[in-house]
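Structure, as structure tokens:
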Amino acid sequence: MQETQMMQYNFNEIEKKWQAYWAKNQTFKAENNSDKEKFYVLDMFPYPSGAGLHVGHPLGYIASDIYARYKRHKGFNVLHPQGYDSFGLPAEQYAIQTGQHPAITTAENIKTYRRQLDQIGFSFDWSREVRTSDPKYYKWTQWIFIELFNSWYNKETDKAEDIETLIAAFSSDGNAKVNAVCDEDIEPFSAAEWHAFSSKEQQEVLLKYRLTYLADTEVNWCPALGTVLANDEIVNGVSERGGHPVIRKKMTQWSMRISAYAQRLLDGLNTIDWPQPLKDSQTNWIGRSEGASVTFKVLDNLDPERSRSDQIGVSTTLNHQFEIEVFTTRPDTIFGASFMTLAPEHELVAEITTPEQKAEVDAYVEATAKRSERDRMADVKTISGAFTGAYAEHPFTKKPIPIWIGDYVLAGYGTGAVMSVPCGDQRDWDFAKHFNIDIPNIFEGVDISEAAFADKEKTVISNSDFLNGLPYKKAVKTAIYELEKLGQGKGKINYRLRDAVFSRQRYWGEPFPVYYVDGMPQMLEDKFLPLKLPEVDKYLPTETGEPPLGNATIWAWDTKQLSVVSCSLIDNETVFPLELNTMPGWAGSSQYFNRYMDPHNDEAIFSKEAIDYWQDVDLYIGGSEHATGHLLYSRFWQKFMFDKGLVPKDEFAKKLINQGMITGTSAVVYFVIARFAKDKPFYIAVSKSSIAVLEETIKKWRNKTPVNSKPFRYSILNRRYANVDYINSSDELDIERFLGDSMNKDFEGAVFLGENDTEIIDNNDAYKVVREVEKMSKSKYNVVNPDDIVAEYGADSLRLYEMFLGPLEQSKPWNTAGITGVHGFLKKLWKLYTPIIDGSLSGAEVKPSAENLKTLHKTIKKVEEDIENFSFNTSVSTFMICVNELTTQKCTSRAILEPLAILVSPYAPHIAEELWEKLGHTESISTAAFPTFEPKYLVESAKEYPISFNGKMKFTMELSLDLSKDEIEAAVMAHEKTQQQLAGRTPKKVIVVPGKIVNIVG
RNA sequence: GCUCGAGUGGUGGAAUUGGUAGACACGUUGGACUUAAAAUCCAAUGGACAUUAGUCCGUAUGGGUUCAAGUCCCAUCUCGAGUACCA
């Protein structure tokens, strides 16, 4: 009795023991130099929120941990680090409300996270932990910012270069020969002019070329909240929080010239093994479109005294003052352009509008300005616009075409102006129909009376002079050629990708290592980094509307003392103001994967040795919500670092996997509020099976209830979430615990109807809830905390179950009840080893049987394939099959059980370590060599052939695999069941696929 | 609207290149053990019909290709994710 007690699977004890062992022995510490081949497995590091982890969070970590452990067994030197993305809004929000410093909140949250992560048994190398809010870490975020500032993008070499090479070019040749990605409004200057510029003028020019630069950017400013809001924080033009008005306001902010990398970011996608949907959304986000830019000359205003139609076609003079540049993907349709449309915000609107149209245009511009961008986008159906009264000259026909404004043209895309081709674009078509504008047809054999025709492939151009008869592609080429000849256009590739605004008006983020001299930004020297966040007494913006750092009293840079000093000393001679904005959330996460390679280096972001050894991430696992944020910015920074020669790879992660979301399974109690006459109302809760037949159910209940002659009424169905902890595996509610919740006080005296529609008294029946799959959230009481699961079933069960739930990349519902399956498996596994461990098996080693070996090698093969394919759910079932078989076989052979422990170890490391030790090993199982699959154990001599008739399987028969096709056919035809099936008919055909199937047709 | 993905028992999900649909679990039902419960073990479990051997129907729907289709092709429906007046 005592002995069996000892031999029980005590997961609590085992898991604590091995977690302590791993920590003490630094089992998973990775070395930066090793003869072993490297393998880098990375998780997206978490933001440590106050709520802690729920069971959905560890899913990706478990998968990556399995892979990391597997690779160690395979002999790799594995880097598997973890850290925290610890700057962010929630901590700041909490600070605003409570005054608690975000650093303190963050540290507390990290502690909780670490405890929760530790008890799941991850093989993280915690010695490499990074925190983005740690000055030792953000020193390097600031450093990269400075590097970007000191760089420009040379289109000739197609890479980022040091700003010195640009200055050298300016000094010798001015900017005429420089082919750079830069601001649009660059004025040409010569070398002499460059030298004549003042220092400030030179700085201003350079700022237009730098990869991070200051620009006036429109933001959503909420005066009442004193803060800038993101687009999704605005609803119907007012702030989501508080409902305050929001205005568009220009602010000087840092931007990142990510647009310089648009093409390379697109091309790079072909070189990496990332999920297609994610690549698609990045492609979409970058939004490359090929076409042409075309310049339209604006005509002098026509004579307002004469009617418009009179003047169309008459010779007009060109007003050389104004030109409108448009971008089009369909230069082939240029002869179909019957009008132009400008965005209401277009800068030329005010210039070209004729006096008599001014009132209408102004009213329209004002009306659109009031609508938020979001509203405009949402309201696609309504067509609106106004005629400016001005005309442009068609580049080829030289005819005047009217210029309209309309809010379907967006100021932020392309040039904010379009040539409108109503026959070829549905939006133009709708606009033209609405305002009764001419819709010329330039497509051969196409009816455009009902809708525009946009099928490029079927396009043949007509009514278009030199383009007549040409198909789409040729027409595009020809049109561009002719436009270039005229000097009124050229082929152009346009990207949707905009430069990224890099300033945030927040406290809890990286400070910019920047001070201002005469309004021009100056970088701190590297040796003064990190520039640490100053203390402030409140975390809100200042009364004058400056960012929270404006509250800091010690926030000025003294260029003599070379230190941060009190703001009161600012004299703009030697002491200057520091930047008040902070960096956005994605700053810290854009290079953390490289910093892990050498996280304690104070001399460099990482050593050359470290980056040369680790190179890049081999496997990156995380959620798909970062598709166009973190994962795009990180690729951008990596390419920049690559250009600077700092990293050897221009893509940071070879393979990426998006784990799916684990949703909650909420439990819903349906009830009606009932009452007898004027008695006190009471609740009747209706069990799952009876909801659909509510009326009948209540009637039944009434009939069984002691007669109450008073009139009876009840309400429609109501619902109430029950805490999922109160539900057993059969969806039955623990009514007592449910009633114990303070929020369910109103259920006092409620009648619970069981499955048989009888009132539940003393557990005579069960109340079944309705289960609904939804996102885990506090308000739905469906959040499952991994702590509880670990306490009740152990970390190994949790790990196995999360994997067993389904394919890694798929979203799937959590249901705690099912965990008994994998928990039972671990118990069976434990039991399998008992005879060997407790010594009840005395004497010599037991030789494995052929059957044992077959089971083992089948398992090795399948598990290895599964891990390589990230099909972790199927390997868990493979383990179950294996243990079930070995149990039936009563296997006690060490030669089987030792390799099995290694196979299981990546998935359930604690039990594997314990069994390994009990088998007599003194070293951790974590680096034991993964067993080798040997096909010889799986060789079969016979096969159970399915015999089908017209494709339908009727019976099976065992046949030797040595048989030839003819022999198989003969054997099958001779079988009595075959004759039965044929019932005298002669088969038309017999298909024999040796080793697979026999199909008899006829 | 567009792009991508997915529809398989009561539930989560298996099913290599087209070759025995429903592995492995959960749940359910019955049984063993127990004073009882828990735990454990055994058996059954896609549906319909049939006392029995068995027959028919079954992978969202409708067509098609094939000796053979969950798997390939076409059309339709539903759900999910992303994105959006992108010229």
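Naming scheme: A, B, ... for chains in displayed order of the structure tokens; residues 1 onward per chain; ligands 1 onward as shown.
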Practice task
Per DSSP on the backbone, filter stretch 677-872 of chain A down to the residues in alpha helix (DSSP H) and report them as a PyMOL selection string.
Solution key: chain A and resi 694-704+735-740+786-793+795-804+819-837+850-868+872
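Close contacts of B:U8, defined as residues with an atom at most 9 Å away when counting only C-alpha atoms (C1' of nucleotides), with chain neighbours fewer than 3 positions off set aside, comprise A21, G22, U59 and G70 of chain B.
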Exercise for the section: Can you list, as a count of residues only, all residues belonging to stretch 521-733 of chain A that DSSP tags as strand (DSSP E)? Expected result: 47
Exercise for the section: Write out as a list in words the residues lying within 10 Å of B:U3, counting only C-alpha atoms (C1' of nucleotides) and excluding same-chain residues fewer than 3 positions away. Expected result: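 Close residues of B:U3: Pro277, Asp280, Ser281 and Asn284 of chain A; G82 and U83 of chain B.
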Exercise for the section: Can you check which residues of chain B have any atom within 12 Å of chain A? Use only C-alpha atoms (C1' of nucleotides) and format it as an MDAnalysis selection string. Expected result: chainID B and resid 1:6 10:16 19:21 23:28 39:40 54:55 66:69 80:87
Excluding same-chain residues fewer than 2 positions from A:Ser797, what lies within 9 Å of it counting only C-alpha atoms (C1' of nucleotides), as a CSV table (one decimal) with N, CA and C atoms, in the first residue's frame?
```
chain,number,residue,atom,x,y,z
A,789,ILE,N,-5.4,25.5,-13.7
A,789,ILE,CA,-5.2,24.3,-14.4
A,789,ILE,C,-3.9,23.6,-13.9
A,790,VAL,N,-2.8,24.3,-13.7
A,790,VAL,CA,-1.6,23.8,-13.3
A,790,VAL,C,-1.8,23.2,-11.9
A,793,TYR,N,-4.1,19.9,-12.5
A,793,TYR,CA,-3.7,18.8,-13.4
A,793,TYR,C,-2.2,18.8,-13.7
A,794,GLY,N,-1.5,19.9,-13.4
A,794,GLY,CA,-0.1,20.0,-13.6
A,794,GLY,C,0.2,20.7,-14.9
A,795,ALA,N,1.5,21.2,-15.0
A,795,ALA,CA,1.9,21.9,-16.2
A,795,ALA,C,2.0,21.0,-17.4
A,799,ARG,N,0.3,21.7,-20.9
A,799,ARG,CA,1.0,21.8,-22.2
A,799,ARG,C,0.5,20.9,-23.2
A,800,LEU,N,0.2,19.6,-22.8
A,800,LEU,CA,-0.3,18.6,-23.7
A,800,LEU,C,-1.7,19.0,-24.2
A,801,TYR,N,-2.5,19.5,-23.3
A,801,TYR,CA,-3.9,19.8,-23.7
A,801,TYR,C,-3.9,20.9,-24.6
A,802,GLU,N,-3.1,22.0,-24.4
A,802,GLU,CA,-3.2,23.1,-25.3
A,802,GLU,C,-2.8,22.7,-26.7
A,819,ILE,N,-9.6,18.2,-20.5
A,819,ILE,CA,-8.2,18.0,-20.1
A,819,ILE,C,-8.0,16.6,-19.4
A,820,THR,N,-9.1,16.0,-18.9
A,820,THR,CA,-8.9,14.7,-18.2
A,820,THR,C,-8.3,13.7,-19.2
A,822,VAL,N,-5.9,14.1,-21.6
A,822,VAL,CA,-4.4,14.1,-21.6
A,822,VAL,C,-3.8,13.8,-20.2
A,823,HIS,N,-4.6,14.2,-19.2
A,823,HIS,CA,-4.1,13.9,-17.8
A,823,HIS,C,-4.1,12.4,-17.6
A,824,GLY,N,-5.2,11.8,-18.0
A,824,GLY,CA,-5.2,10.3,-17.9
A,824,GLY,C,-4.1,9.6,-18.7
A,825,PHE,N,-3.7,10.2,-19.8
A,825,PHE,CA,-2.6,9.7,-20.6
A,825,PHE,C,-1.3,9.7,-19.8
A,826,LEU,N,-1.1,10.9,-19.1
A,826,LEU,CA,0.2,11.0,-18.4
A,826,LEU,C,0.2,10.0,-17.2
A,908,ALA,N,6.1,17.1,-22.6
A,908,ALA,CA,5.8,17.0,-21.2
A,908,ALA,C,7.1,16.9,-20.4
```
Handout entry: atom CA of A:Lys24 to atom CA of A:Ala63, distance in Å rounded to a single decimal
Key =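 Those two atoms sit 24.1 Å apart.
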Exercise for the section: Write out as number ranges by chain which residues come within 10 Å of A:Thr165 when counting only C-alpha atoms (C1' of nucleotides), dropping same-chain ones fewer than 6 positions away. Expected result: A: 151-152, 154, 171
Exercise for the section: For atom CA of A:Thr368 and atom CA of A:Ala224, quote the distance in Å rounded to one decimal. Expected result: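 For atom CA of A:Thr368 relative to atom CA of A:Ala224, the distance reads 22.6 Å.
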Exercise for the section: Just the residues within 8 Å of A:His630, please, counting only C-alpha atoms (C1' of nucleotides), with nothing from its chain fewer than 2 positions along; format it as a PyMOL selection string. Expected result: chain A and resi 586+589-590+626-628+632-634
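Taking atom CA of A:Tyr613 and atom CA of A:Asp598 as the two end points, the separation is 10.9 Å.
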